[in-house]
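Structure file upload-v6.txt with compact mmCIF, C-alpha atoms:
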```txt
# COMPACT_ATOMS: atom_id res chain seq x y z
CA MET A 1 0.00 0.00 0.00
CA SER A 2 1.35 3.45 -0.89
CA ARG A 3 1.67 6.16 1.69
CA GLN A 4 -1.26 8.08 0.18
CA GLU A 5 -3.70 5.19 0.68
CA THR A 6 -4.71 6.01 4.24
CA GLY A 7 -8.48 5.68 3.77
CA LYS A 8 -9.00 9.45 4.13
CA THR A 9 -9.61 12.18 1.62
CA GLU A 10 -6.69 14.60 1.34
CA ALA A 11 -9.00 17.51 2.15
CA ASN A 12 -9.80 15.88 5.51
CA ARG A 13 -6.26 14.73 6.34
CA ASP A 14 -5.16 15.03 9.96
CA ALA A 15 -2.30 17.30 10.88
CA THR A 16 -0.21 14.19 11.62
CA ASP A 17 -0.82 12.53 8.24
CA PRO A 18 2.28 12.34 6.00
CA LEU A 19 2.55 14.68 3.04
CA SER A 20 2.56 13.16 -0.42
CA LEU A 21 5.88 12.62 -2.20
CA SER A 22 5.19 15.42 -4.66
CA ALA A 23 4.33 17.80 -1.80
CA LEU A 24 7.58 16.95 -0.01
CA LEU A 25 9.57 17.64 -3.17
CA SER A 26 7.63 20.84 -3.81
CA GLN A 27 8.03 22.37 -0.38
CA THR A 28 11.74 21.61 -0.28
CA LEU A 29 12.25 23.07 -3.76
CA VAL A 30 10.17 26.17 -2.99
CA ALA A 31 12.10 26.87 0.22
CA PHE A 32 15.45 26.46 -1.56
CA THR A 33 14.33 28.77 -4.36
CA ILE A 34 12.99 31.47 -2.06
CA GLU A 35 16.27 31.47 -0.15
CA CYS A 36 18.09 31.94 -3.47
CA ASP A 37 15.71 34.72 -4.47
CA ASN A 38 16.07 36.56 -1.16
CA GLU A 39 19.86 36.49 -1.48
CA MET A 40 19.63 37.63 -5.10
CA GLU A 41 17.49 40.58 -4.06
CA ARG A 42 20.05 41.54 -1.42
CA LEU A 43 23.09 41.37 -3.71
CA VAL A 44 21.96 42.74 -7.08
CA PRO A 45 20.58 46.20 -8.02
CA HIS A 46 17.04 45.80 -9.34
CA ARG A 47 13.61 47.33 -9.75
CA THR A 48 10.31 46.19 -8.20
CA THR A 49 6.76 47.49 -7.89
CA ARG A 50 7.71 48.72 -4.41
CA GLY A 51 9.95 51.37 -5.91
CA GLY A 52 13.58 52.16 -5.34
CA GLY A 53 16.57 51.29 -7.45
CA SER A 54 17.69 52.68 -10.76
CA ARG A 55 15.21 52.78 -13.61
CA THR A 56 17.86 51.14 -15.79
CA ALA A 57 18.32 48.20 -13.41
CA PRO A 58 16.63 44.93 -14.40
CA TRP A 59 13.33 43.88 -12.89
CA LEU A 60 13.64 41.49 -9.96
CA VAL A 61 12.74 37.96 -11.07
CA SER A 62 13.16 34.49 -9.63
CA HIS A 63 15.89 31.88 -9.89
CA ALA A 64 13.59 29.92 -12.23
CA LEU A 65 14.17 32.39 -15.05
CA TRP A 66 17.93 32.15 -14.69
CA ALA A 67 17.82 28.36 -14.72
CA ASN A 68 15.48 28.04 -17.71
CA PHE A 69 16.67 30.93 -19.86
CA LEU A 70 19.41 33.36 -18.87
CA ARG A 71 22.10 30.78 -18.22
CA PHE A 72 22.05 29.97 -21.95
CA VAL A 73 22.84 33.58 -22.89
CA GLY A 74 26.21 33.70 -21.14
CA HIS A 75 28.45 36.73 -20.81
CA GLY A 76 29.47 36.69 -24.46
CA GLY A 77 25.92 36.32 -25.70
CA THR A 78 24.49 33.86 -28.18
CA THR A 79 22.34 33.89 -31.30
CA VAL A 80 18.57 33.69 -31.27
CA GLY A 81 18.80 30.36 -33.10
CA GLU A 82 21.27 28.85 -30.64
CA LEU A 83 19.16 30.02 -27.73
CA ASP A 84 16.07 28.43 -29.26
CA GLU A 85 17.90 25.10 -29.59
CA ASN A 86 18.93 25.16 -25.92
CA LEU A 87 15.57 26.00 -24.37
CA ARG A 88 13.71 23.06 -22.87
CA VAL A 89 10.66 25.06 -21.80
CA THR A 90 7.73 25.84 -24.07
CA GLY A 91 6.45 29.20 -25.23
CA GLY A 92 8.93 29.85 -28.01
CA VAL A 93 12.11 31.88 -27.99
CA ARG A 94 10.31 34.97 -29.33
CA ILE A 95 8.04 35.18 -26.29
CA TRP A 96 10.92 34.65 -23.87
CA LEU A 97 13.05 37.32 -25.55
CA GLU A 98 10.14 39.76 -25.43
CA ARG A 99 9.92 39.27 -21.69
CA MET A 100 13.64 39.31 -20.99
CA GLU A 101 14.32 42.35 -23.17
CA ASN A 102 11.24 44.56 -22.93
CA TRP A 103 9.58 43.45 -19.69
CA TRP A 104 12.52 42.79 -17.41
CA GLY A 105 15.61 44.37 -19.00
CA TYR A 106 18.10 41.49 -18.82
CA VAL A 107 19.10 41.20 -22.49
CA THR A 108 19.28 43.09 -25.77
CA VAL A 109 18.60 41.55 -29.18
CA VAL A 110 20.43 43.19 -32.11
CA PRO A 111 21.77 42.26 -35.55
CA ASP A 112 25.23 40.72 -35.38
CA PRO A 113 27.71 43.45 -36.44
CA ALA A 114 29.95 40.74 -37.87
CA ASP A 115 27.17 39.50 -40.16
CA THR A 116 27.59 41.31 -43.49
CA ARG A 117 24.36 40.09 -45.06
CA GLN A 118 21.90 42.84 -45.96
CA ASN A 119 18.94 41.26 -44.13
CA PRO A 120 20.18 38.54 -41.80
CA PRO A 121 17.44 36.30 -40.44
CA ARG A 122 16.24 36.87 -36.91
CA SER A 123 17.79 33.56 -35.88
CA ALA A 124 21.24 35.04 -36.59
CA TRP A 125 20.73 38.11 -34.36
CA ARG A 126 22.77 38.35 -31.18
CA VAL A 127 21.27 38.06 -27.70
CA LYS A 128 23.53 39.81 -25.20
CA PRO A 129 23.09 40.55 -21.51
CA THR A 130 22.62 44.15 -20.47
CA ALA A 131 25.03 45.53 -17.87
CA GLY A 132 22.49 44.81 -15.14
CA GLY A 133 21.72 41.41 -16.64
CA ALA A 134 25.41 40.44 -16.69
CA ARG A 135 25.80 41.44 -13.06
CA ALA A 136 22.74 39.39 -12.14
CA CYS A 137 24.07 36.38 -14.04
CA ASP A 138 27.37 36.60 -12.16
CA VAL A 139 25.45 36.17 -8.91
CA TRP A 140 23.03 33.55 -10.22
CA GLU A 141 25.88 31.34 -11.47
CA ARG A 142 27.06 30.75 -7.91
CA LEU A 143 23.80 31.15 -6.02
CA GLY A 144 22.59 27.55 -6.11
CA GLU A 145 25.94 26.25 -4.90
CA LYS A 146 26.14 28.88 -2.14
CA THR A 147 22.59 28.14 -0.97
CA GLU A 148 23.29 24.42 -0.88
CA ALA A 149 26.38 25.12 1.24
CA ARG A 150 24.17 26.98 3.73
CA TRP A 151 21.77 24.06 3.79
CA ARG A 152 24.65 21.71 4.55
CA GLN A 153 25.52 23.87 7.54
CA ARG A 154 21.89 24.26 8.63
CA PHE A 155 20.68 20.67 8.20
CA GLY A 156 23.96 18.75 8.27
CA ALA A 157 26.17 17.62 5.41
CA ASP A 158 25.10 13.98 5.84
CA SER A 159 21.43 14.92 5.48
CA ILE A 160 22.00 16.80 2.22
CA ASP A 161 24.30 14.08 0.89
CA ARG A 162 21.57 11.51 1.53
CA LEU A 163 19.00 13.70 -0.20
CA ARG A 164 21.22 14.10 -3.26
CA ALA A 165 21.90 10.37 -3.32
CA ALA A 166 18.15 9.68 -3.20
CA LEU A 167 17.33 12.16 -5.98
CA ILE A 168 20.02 11.26 -8.52
CA PRO A 169 18.64 7.83 -9.52
CA ILE A 170 15.20 9.36 -10.11
CA VAL A 171 16.58 12.15 -12.26
CA GLU A 172 18.95 9.91 -14.20
CA GLY A 173 16.09 7.55 -14.98
CA SER A 174 14.51 10.06 -17.37
CA SER A 175 14.60 9.34 -21.10
CA ILE A 176 14.26 13.02 -22.05
CA GLU A 177 16.36 16.10 -21.39
CA LEU A 178 14.89 17.98 -18.46
CA PRO A 179 15.07 21.73 -17.85
CA ALA A 180 17.01 22.94 -14.85
CA TYR A 181 13.85 24.23 -13.19
CA MET A 182 10.09 23.76 -13.30
CA PRO A 183 8.66 25.52 -16.37
CA ILE A 184 6.33 28.49 -16.29
CA VAL A 185 2.88 26.93 -16.35
CA GLY A 186 0.63 27.38 -19.36
CA TYR A 187 -3.12 27.24 -19.90
CA GLY A 188 -4.80 25.39 -17.07
CA LEU A 189 -1.52 25.75 -15.12
CA PHE A 190 -0.12 22.62 -16.76
CA SER A 191 3.65 22.07 -16.88
CA GLU A 192 4.87 21.66 -20.44
CA ILE A 193 8.39 21.11 -21.77
CA ARG A 194 9.94 20.37 -25.12
CA PRO A 195 10.35 16.57 -25.05
CA ILE A 196 13.82 16.17 -26.55
CA PRO A 197 15.16 12.59 -26.25
CA LEU A 198 18.51 12.12 -24.56
CA SER A 199 21.44 11.34 -26.83
CA GLY A 200 22.92 9.10 -24.11
CA ASP A 201 21.54 7.04 -21.26
CA LEU A 202 21.61 9.62 -18.46
CA ASN A 203 20.71 13.23 -17.75
CA PRO A 204 24.23 14.69 -17.75
CA GLY A 205 25.68 16.55 -14.79
CA SER A 206 23.39 15.16 -12.10
CA GLU A 207 26.28 14.65 -9.68
CA VAL A 208 27.38 18.29 -9.88
CA ALA A 209 23.98 19.96 -10.32
CA ASP A 210 22.89 22.05 -7.37
CA LEU A 211 20.08 20.80 -5.17
CA SER A 212 17.40 22.94 -6.85
CA VAL A 213 18.08 21.22 -10.19
CA LEU A 214 17.76 17.74 -8.71
CA LEU A 215 14.62 18.58 -6.74
CA SER A 216 13.02 20.28 -9.72
CA ARG A 217 13.77 17.50 -12.18
CA ALA A 218 12.44 14.82 -9.84
CA LEU A 219 9.28 16.83 -9.19
CA LEU A 220 8.86 17.57 -12.89
CA LEU A 221 8.99 13.86 -13.72
CA PHE A 222 6.25 13.23 -11.16
CA THR A 223 4.26 16.19 -12.51
CA LEU A 224 4.47 15.06 -16.13
CA ALA A 225 3.37 11.56 -15.17
CA PHE A 226 0.42 12.97 -13.24
CA GLU A 227 -0.66 15.38 -15.96
CA GLU A 228 -0.50 12.74 -18.68
CA ARG A 229 -3.36 11.01 -16.85
CA SER A 230 -5.27 13.93 -15.36
CA ASP A 231 -7.70 16.51 -16.73
CA VAL A 232 -6.60 18.87 -13.93
CA SER A 233 -3.00 20.06 -13.57
CA LEU A 234 -0.99 19.06 -10.52
CA SER A 235 -0.61 22.77 -9.66
CA ILE A 236 -4.37 23.23 -9.39
CA SER A 237 -5.00 19.78 -7.91
CA SER A 238 -2.39 19.99 -5.14
CA ASN A 239 -2.82 23.62 -4.17
CA LEU A 240 -6.52 24.30 -4.63
CA LEU A 241 -8.60 21.24 -5.44
CA ARG A 242 -7.04 19.47 -2.45
CA VAL A 243 -8.29 21.99 0.13
CA LEU A 244 -11.76 22.74 -1.23
CA ARG A 245 -14.94 21.18 0.13
CA ALA A 246 -18.54 20.69 -0.88
CA THR A 247 -19.31 23.41 1.67
CA PRO A 248 -18.13 26.94 0.85
CA LEU A 249 -14.74 28.37 1.85
CA ARG A 250 -13.96 32.07 1.80
CA MET A 251 -11.84 32.99 -1.19
CA ARG A 252 -9.76 35.39 0.87
CA ASP A 253 -8.60 32.52 3.11
CA LEU A 254 -7.13 30.47 0.27
CA PRO A 255 -3.66 32.10 0.09
CA ASP A 256 -3.03 31.22 3.74
CA ILE A 257 -4.41 27.71 3.34
CA THR A 258 -2.49 26.89 0.15
CA GLY A 259 0.73 28.93 0.41
CA VAL A 260 0.35 30.33 -3.12
CA SER A 261 -0.39 33.87 -4.22
CA LYS A 262 -3.78 35.47 -4.67
CA GLU A 263 -3.00 35.86 -8.38
CA SER A 264 -2.29 32.12 -8.73
CA ILE A 265 -5.56 31.29 -7.03
CA GLU A 266 -7.51 33.65 -9.25
CA MET A 267 -6.08 31.98 -12.36
CA ALA A 268 -6.86 28.52 -11.00
CA VAL A 269 -10.40 29.46 -9.99
CA VAL A 270 -11.18 30.86 -13.46
CA TRP A 271 -10.10 27.56 -15.00
CA LEU A 272 -11.97 25.44 -12.43
CA ASN A 273 -15.15 27.47 -12.89
CA THR A 274 -14.91 27.17 -16.65
CA LYS A 275 -14.68 23.39 -16.31
CA ARG A 276 -17.52 23.42 -13.72
CA TYR A 277 -15.44 21.83 -11.00
CA THR A 278 -16.19 24.73 -8.63
CA LEU A 279 -18.89 27.26 -7.95
CA VAL A 280 -18.18 30.78 -6.66
CA ASP A 281 -20.91 32.79 -4.93
CA THR A 282 -21.30 35.63 -2.44
CA ASP A 283 -22.09 35.18 1.24
CA LEU A 284 -25.66 36.46 1.63
CA LYS A 285 -25.03 37.61 5.20
CA SER A 286 -22.15 39.95 4.37
CA GLY A 287 -23.15 40.66 0.79
CA ARG A 288 -19.46 41.01 -0.12
CA THR A 289 -17.48 37.91 0.85
CA LYS A 290 -16.80 35.61 -2.09
CA ARG A 291 -16.93 31.90 -1.38
CA ILE A 292 -15.97 28.82 -3.37
CA ARG A 293 -17.05 25.20 -3.15
CA LEU A 294 -16.62 22.00 -5.11
CA THR A 295 -19.36 20.74 -7.40
CA GLU A 296 -20.05 17.03 -7.83
CA SER A 297 -17.57 17.03 -10.72
CA GLY A 298 -15.04 18.77 -8.50
CA LEU A 299 -15.42 16.14 -5.77
CA LEU A 300 -14.80 13.42 -8.34
CA ALA A 301 -11.73 15.31 -9.60
CA GLN A 302 -10.46 15.55 -6.03
CA GLU A 303 -10.81 11.78 -5.63
CA ARG A 304 -9.03 11.29 -8.96
CA TYR A 305 -6.16 13.49 -7.74
CA LEU A 306 -5.69 11.31 -4.67
CA SER A 307 -5.84 8.06 -6.59
CA LEU A 308 -3.32 9.34 -9.14
CA LEU A 309 -0.84 10.31 -6.41
CA ALA A 310 -0.98 6.74 -5.15
CA GLU A 311 -0.89 5.29 -8.67
CA ILE A 312 2.24 7.21 -9.70
CA GLU A 313 4.02 6.41 -6.46
CA THR A 314 3.27 2.72 -7.04
CA ASP A 315 4.71 3.05 -10.55
CA TRP A 316 7.83 4.69 -9.14
CA ARG A 317 8.26 1.93 -6.57
CA THR A 318 8.12 -0.60 -9.39
CA ARG A 319 10.52 1.38 -11.59
CA TYR A 320 13.07 2.61 -9.05
CA GLY A 321 12.51 0.13 -6.23
CA THR A 322 10.69 0.48 -2.93
CA GLN A 323 13.97 1.04 -1.10
CA ALA A 324 14.82 4.02 -3.33
CA ILE A 325 11.42 5.69 -2.81
CA ASP A 326 11.52 5.06 0.93
CA ALA A 327 14.98 6.63 1.01
CA LEU A 328 13.58 9.70 -0.71
CA TYR A 329 10.80 9.95 1.87
CA HIS A 330 13.22 9.47 4.75
CA THR A 331 15.46 12.30 3.57
CA LEU A 332 12.66 14.75 2.78
CA GLU A 333 10.35 14.27 5.76
CA PRO A 334 12.77 15.60 8.42
CA LEU A 335 13.35 18.73 6.32
CA VAL A 336 9.69 19.44 5.65
CA GLY A 337 8.01 18.30 8.87
CA GLN A 338 4.28 18.92 8.50
CA GLY A 339 4.83 21.80 6.08
CA GLU A 340 3.44 24.46 8.40
CA GLN A 341 5.30 27.33 10.09
CA THR A 342 7.00 24.90 12.46
CA SER A 343 8.71 23.27 9.48
CA PRO A 344 12.52 23.52 9.49
CA LEU A 345 12.20 24.92 5.97
CA PHE A 346 10.77 28.18 7.31
CA ALA A 347 14.26 29.05 8.59
CA CYS A 348 15.35 29.08 4.93
CA ILE A 349 12.76 31.57 3.71
CA GLU A 350 13.12 34.22 6.43
CA PRO A 351 13.78 37.42 4.43
CA GLU A 352 16.13 40.24 5.26
CA PRO A 353 14.27 43.42 6.37
CA GLU A 354 14.92 45.12 3.02
CA CYS A 355 13.47 42.25 0.95
CA TRP A 356 10.00 42.59 -0.54
CA ARG A 357 8.90 39.39 1.20
CA ALA A 358 9.60 41.02 4.58
CA LYS A 359 6.84 43.54 3.81
CA ALA A 360 4.37 40.90 2.59
CA ARG A 361 2.08 38.74 4.69
CA PRO A 362 4.19 35.82 6.00
CA PRO A 363 3.22 32.43 4.60
CA GLN A 364 1.39 29.94 6.80
CA THR A 365 2.46 26.97 4.69
CA LEU A 366 4.49 26.25 1.57
CA PRO A 367 2.93 25.24 -1.76
CA TRP A 368 2.16 21.58 -2.40
CA GLN A 369 3.20 22.23 -6.01
CA PRO A 370 5.16 25.19 -7.42
CA MET A 371 3.08 27.85 -9.17
CA VAL A 372 5.68 29.30 -11.57
CA LEU A 373 3.91 32.12 -13.40
CA HIS A 374 4.93 34.54 -16.15
CA ARG A 375 4.87 37.33 -13.52
CA GLY A 376 8.52 36.66 -12.62
CA GLY A 377 8.86 32.93 -12.14
CA TYR A 378 8.48 32.89 -8.33
CA PRO A 379 7.65 29.37 -7.13
CA ASP A 380 4.65 30.48 -5.07
CA GLY A 381 3.19 32.58 -7.89
CA ALA A 382 4.11 35.84 -6.14
```
Serialized structure, structure tokens:
Amino acid sequence: MSRQETGKTEANRDATDPLSLSALLSQTLVAFTIECDNEMERLVPHRTTRGGGSRTAPWLVSHALWANFLRFVGHGGTTVGELDENLRVTGGVRIWLERMENWWGYVTVVPDPADTRQNPPRSAWRVKPTAGGARACDVWERLGEKTEARWRQRFGADSIDRLRAALIPIVEGSSIELPAYMPIVGYGLFSEIRPIPLSGDLNPGSEVADLSVLLSRALLLFTLAFEERSDVSLSISSNLLRVLRATPLRMRDLPDITGVSKESIEMAVVWLNTKRYTLVDTDLKSGRTKRIRLTESGLLAQERYLSLLAEIETDWRTRYGTQAIDALYHTLEPLVGQGEQTSPLFACIEPEPECWRAKARPPQTLPWQPMVLHRGGYPDGA
């Protein structure tokens, strides 16, 4: 019997019930990423909606955008065509360049001065980091390694070594090249990547990849397996569908319950309503408070979510061995605890006073699945 098959619905789980494998991976990855992002904010000049900083500085974005895009640009730049070949996330290089150049200010895209053709194709144009983008990339290149070093001090080198040893066989078992971080979710908040087969037998560099890469790739493999079989994405299922009931919940309470941003929830609710899994109404007593509940279809989708978690874990135990999956649980559970504010991971996400997260409402829990949005790639959809 898998660890999800406890005879309870996930929505009614006790505080002492174990988290699912995907939730353990998610919360560990999110905490690691937020610690990277907080350090990035402290070290690099940037702009945010809260003001301050030079208008020519790049917009503050998350580690996810470095891992999935900017690391391929490099200090010397690259061509649009080469960049397109390297990307493993969907959306197309044109969309990504629009964001990185015009939205966030990390790169410029110009004709190659060495190309003497009268009208060189766009694929031959040069993508180069701006001054602020180059400075940010200098920090990002070392940030994962530095954060992992802090985790080794905080949690013990043996604990992190065991976690890496448990993750590597999962990651190296993939038959496709995996991006270095979870992709920005698309329509329905599904995770999509470009499925490029591996030229060899293994995902290269697993031994030297920082912990965020290993966590993300393992979680992405679980996510892709789930979403191949589900009409509802794992992002929506784990973060929202899981906590909803047949009786109404207040919409304003959902960020605290789920650990993801209000904007993420709004996107998920629009999709769920369109598919008639949920119903949103207004509390008649207050006349203002919006509430949400599951429909009959939503309750069935919630049950399907739970059964799929168990089904995929059973598949993994067959593929990788029960001992390997148990080892993954045993390394993740002490880090995550019950996933609430008492979790050891909350020591990782404590922001410096000058960070934007220090001025935001502190999270009550961490996401059960990353919500990586186009807003900046933050793993909680912020």
Exercise. Using all atoms listed in the file, which residues sit within 9 Å of stretch 66-82 of chain A once same-chain residues fewer than 4 positions away are excluded, as number ranges by chain?
Worked result: A: 61-62, 86-89, 93-94, 96-97, 100, 106-107, 109, 112, 122-129, 133-134, 137-138, 140-141, 179-183, 213
For this session: Within 9 Å of A:Cys348, counting only C-alpha atoms, which residues show up once you throw out same-chain ones fewer than 3 positions away? Write them as an MDAnalysis selection string, please.
Result: chainID A and resid 31:32 34:35 151 154 344:345 351
For this session: Take atom CA of A:Gly105 and atom CA of A:Thr56 and report the distance between them in Å, one decimal.
Result: 7.8 Å
Problem set entry | Nearby residues (all atoms listed in the file) at most 10 Å from A:Thr147, same-chain spacing under 2 positions excluded, as a PyMOL selection string | chain A and resi 32-33+35-36+39+142-145+149-153+210-212+348
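Proximity to A:Leu215 was assessed for A:Leu178, A:Cys355, A:Val110, A:Ala157 counting all atoms listed in the file; the smallest distance is recorded for A:Leu178.
Interatomic distance, atom CA of A:His46 against atom CA of A:Trp103: 13.0 Å.
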For this session: Name the residues in contact with A:Gly186 at a cut-off of 9 Å, using all atoms listed in the file, excluding same-chain residues fewer than 2 positions from it; report them as a PyMOL selection string.
Result: chain A and resi 90-91+183-184+188-192+373-374
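What separates atom CA of A:Val171 from atom CA of A:Ala225 is a distance of 13.5 Å.
Counting all atoms listed in the file and comparing A:Ser175, A:Thr365, A:Ser235, A:Thr223, the residue that lies closest to A:Leu254 is A:Thr365.
With only C-alpha atoms as the basis for measurement, A:Leu366 is the residue among A:Val336, A:Leu366, A:Ala218, A:Ala136 that approaches A:Asp380 most closely.
Shortest separation to A:Pro353 among A:Glu41, A:Glu263, A:Glu340, A:Asp256 occurs at residue A:Glu41, atoms counted being all atoms listed in the file.
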Exercise. Neighbours of A:Gly339 within 12 Å (all atoms listed in the file; same-chain residues fewer than 2 positions away dropped), as a PyMOL selection string?
Worked result: chain A and resi 15-20+23-28+30-31+257-259+332-337+341-346+363-368
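Distances to A:Tyr320 were evaluated for A:Gly381, A:Arg250, A:Ala347, A:Ser174 using all atoms listed in the file, and the minimum falls at A:Ser174.
Counting all atoms listed in the file and comparing A:Leu306, A:Ile236, A:Arg276, A:Asp253, the residue that lies closest to A:Thr289 is A:Asp253.
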